[in-house]
Amino acid sequence: MILLSKILIGLIALEHLYILWMEMFAWTTVGKKTFKSLPQELFEPTKALAANQGLYNGFLAAGLFWSLIISDIFWSKNIAFFFLSCVSIAGIYGAITASKSIFFKQALPALITIIILYLI
């Protein structure tokens, strides 16, 4: 179970690194392909806003990676729980306000990982 939780935390962190890259560096290319519901002419003017969102995703990834290198099991779980909770809340909010698919792509994996952490 410990290995499974670490793998899931790592995968969620990698997902948020990908989101960081897309929103900060590929908003006008990959972002257009990902967010098809947005009008094409909005991508250039919203580049700075997307980069700001990307930065926040990077902080989530950093916190999750940090939880993986903490040697104390108690603190490792607490830090992971905090950042997974942040991912879950952001994913639920995104599902309510932007696209329901965000729940399944971001919130649900984090919620499952939280459950697994508590089973350890």
# chains A, B, ... in the order shown; residues from 1 in each chain; ligands from 1

$ residues_around --residues "Trp66 of chain A" --least-positions-apart "4" --cutoff "10 Å" --atoms "only C-alpha atoms" --output "PyMOL selection string"
chain A and resi 13+60-62+70+76+79-80+83

$ write_last_selection --atoms "N, CA and C atoms" --output "tab-separated table (two decimals), in the first residue's frame"
chain	number	residue	atom	x	y	z
A	13	ALA	N	1.55	14.31	-9.18
A	13	ALA	CA	2.54	15.40	-9.27
A	13	ALA	C	2.98	15.60	-10.71
A	60	LEU	N	1.65	22.86	-6.49
A	60	LEU	CA	1.02	21.60	-6.08
A	60	LEU	C	1.96	20.42	-6.36
A	61	ALA	N	2.55	20.41	-7.54
A	61	ALA	CA	3.48	19.33	-7.91
A	61	ALA	C	4.68	19.32	-6.95
A	62	ALA	N	5.23	20.49	-6.66
A	62	ALA	CA	6.38	20.58	-5.77
A	62	ALA	C	6.05	20.02	-4.39
A	70	ILE	N	10.29	13.05	2.12
A	70	ILE	CA	10.34	13.20	3.57
A	70	ILE	C	10.47	11.81	4.18
A	76	SER	N	5.43	12.80	6.13
A	76	SER	CA	5.24	12.53	4.71
A	76	SER	C	3.76	12.40	4.37
A	79	ILE	N	1.95	15.91	4.80
A	79	ILE	CA	2.23	16.83	3.68
A	79	ILE	C	1.50	16.35	2.43
A	80	ALA	N	1.55	15.05	2.16
A	80	ALA	CA	0.83	14.49	1.00
A	80	ALA	C	-0.66	14.75	1.13
A	83	PHE	N	-1.46	18.49	0.29
A	83	PHE	CA	-1.41	18.85	-1.12
A	83	PHE	C	-2.44	18.07	-1.95

$ residues_around --residues "segment 87-101 of chain A" --least-positions-apart "4" --cutoff "12 Å" --atoms "only C-alpha atoms" --output "short mmCIF file (atom, residue, chain, number, x, y, z; two decimals) with N, CA and C atoms, in the first residue's frame"
data_model
loop_
_atom_site.label_atom_id
_atom_site.label_comp_id
_atom_site.auth_asym_id
_atom_site.auth_seq_id
_atom_site.Cartn_x
_atom_site.Cartn_y
_atom_site.Cartn_z
N ILE A 9 0.87 9.33 -5.86
CA ILE A 9 1.29 10.71 -5.57
C ILE A 9 2.22 11.21 -6.66
N ILE A 12 0.22 11.97 -9.84
CA ILE A 12 -0.55 13.21 -9.70
C ILE A 12 0.39 14.42 -9.79
N ALA A 13 1.55 14.31 -9.18
CA ALA A 13 2.54 15.40 -9.27
C ALA A 13 2.98 15.60 -10.71
N GLU A 15 1.25 14.93 -13.38
CA GLU A 15 0.12 15.55 -14.08
C GLU A 15 0.13 17.06 -13.89
N HIS A 16 0.43 17.50 -12.67
CA HIS A 16 0.44 18.93 -12.40
C HIS A 16 1.67 19.62 -12.98
N THR A 34 -6.34 21.62 -26.03
CA THR A 34 -6.90 21.06 -24.80
C THR A 34 -8.22 21.72 -24.43
N PHE A 35 -8.26 23.03 -24.53
CA PHE A 35 -9.45 23.80 -24.14
C PHE A 35 -10.20 24.26 -25.39
N LYS A 36 -10.81 23.32 -26.06
CA LYS A 36 -11.48 23.58 -27.34
C LYS A 36 -12.72 24.45 -27.20
N SER A 37 -13.28 24.52 -25.99
CA SER A 37 -14.50 25.31 -25.81
C SER A 37 -14.22 26.81 -25.76
N LEU A 38 -12.96 27.19 -25.54
CA LEU A 38 -12.60 28.62 -25.52
C LEU A 38 -12.41 29.12 -26.95
N GLN A 53 -1.92 30.51 -13.48
CA GLN A 53 -2.53 29.23 -13.07
C GLN A 53 -1.51 28.10 -13.13
N TYR A 56 0.69 27.97 -10.07
CA TYR A 56 0.02 27.32 -8.93
C TYR A 56 0.05 25.80 -9.06
N ASN A 57 -0.14 25.29 -10.26
CA ASN A 57 -0.05 23.85 -10.47
C ASN A 57 1.35 23.34 -10.18
N GLY A 58 2.34 24.16 -10.49
CA GLY A 58 3.71 23.80 -10.16
C GLY A 58 3.94 23.70 -8.66
N PHE A 59 3.31 24.60 -7.91
CA PHE A 59 3.43 24.53 -6.45
C PHE A 59 2.79 23.25 -5.91
N LEU A 60 1.65 22.86 -6.49
CA LEU A 60 1.02 21.60 -6.08
C LEU A 60 1.96 20.42 -6.36
N ALA A 61 2.55 20.41 -7.54
CA ALA A 61 3.48 19.33 -7.91
C ALA A 61 4.68 19.32 -6.95
N GLY A 63 4.89 20.36 -3.87
CA GLY A 63 4.48 19.85 -2.57
C GLY A 63 4.32 18.34 -2.56
N LEU A 64 3.75 17.81 -3.63
CA LEU A 64 3.57 16.36 -3.72
C LEU A 64 4.92 15.64 -3.83
N ALA A 80 1.55 15.05 2.16
CA ALA A 80 0.83 14.49 1.00
C ALA A 80 -0.66 14.75 1.13
N PHE A 81 -1.21 14.52 2.32
CA PHE A 81 -2.63 14.76 2.54
C PHE A 81 -2.99 16.21 2.24
N PHE A 82 -2.19 17.15 2.74
CA PHE A 82 -2.47 18.57 2.52
C PHE A 82 -2.50 18.89 1.02
N PHE A 83 -1.46 18.49 0.29
CA PHE A 83 -1.41 18.85 -1.12
C PHE A 83 -2.44 18.07 -1.95
N LYS A 105 -10.35 13.93 -13.93
CA LYS A 105 -8.93 14.01 -14.27
C LYS A 105 -8.06 14.43 -13.10
N GLN A 106 -8.61 15.25 -12.19
CA GLN A 106 -7.79 15.78 -11.10
C GLN A 106 -8.30 15.41 -9.71
N ALA A 107 -9.56 15.69 -9.44
CA ALA A 107 -10.07 15.49 -8.08
C ALA A 107 -10.17 14.02 -7.71
N LEU A 108 -10.73 13.20 -8.57
CA LEU A 108 -10.94 11.79 -8.24
C LEU A 108 -9.63 11.04 -7.96
N PRO A 109 -8.59 11.19 -8.81
CA PRO A 109 -7.33 10.50 -8.46
C PRO A 109 -6.76 10.95 -7.11
N ALA A 110 -6.89 12.24 -6.81
CA ALA A 110 -6.39 12.74 -5.52
C ALA A 110 -7.22 12.18 -4.37
N LEU A 111 -8.53 12.12 -4.54
CA LEU A 111 -9.39 11.58 -3.48
C LEU A 111 -9.11 10.09 -3.25
N ILE A 112 -8.91 9.34 -4.30
CA ILE A 112 -8.57 7.92 -4.17
C ILE A 112 -7.24 7.75 -3.43
N THR A 113 -6.29 8.60 -3.77
CA THR A 113 -4.98 8.53 -3.12
C THR A 113 -5.08 8.90 -1.64
N ILE A 114 -5.93 9.86 -1.31
CA ILE A 114 -6.15 10.21 0.10
C ILE A 114 -6.69 9.00 0.86
#

$ atom_distance --atom1 "atom CA of Leu55 of chain A" --atom2 "atom CA of Leu20 of chain A"
6.0 Å

$ residues_around --residues "segment 41-46 of chain A" --least-positions-apart "3" --cutoff "12 Å" --atoms "only C-alpha atoms" --output "list of chain:residue names"
A:Glu23, A:Met24, A:Phe25, A:Ala26, A:Trp27, A:Thr28, A:Thr29, A:Val30, A:Gly31, A:Lys32, A:Lys33, A:Thr34, A:Phe35, A:Lys36, A:Ser37, A:Leu38, A:Leu49, A:Ala50, A:Ala51, A:Asn52, A:Gln53

$ select_by_dssp --residues "chain A" --states "alpha helix (DSSP H)" --output "PyMOL selection string"
chain A and resi 2-25+30-34+47-69+73-97+101-102+108-119

$ closest_residue --among "A:Gly54, A:Leu68, A:Pro39, A:Trp75" --to "Leu11 of chain A" --atoms "only C-alpha atoms"
A:Leu68

$ atom_distance --atom1 "atom CA of Asp72 of chain A" --atom2 "atom CA of Ser5 of chain A"
15.2 Å
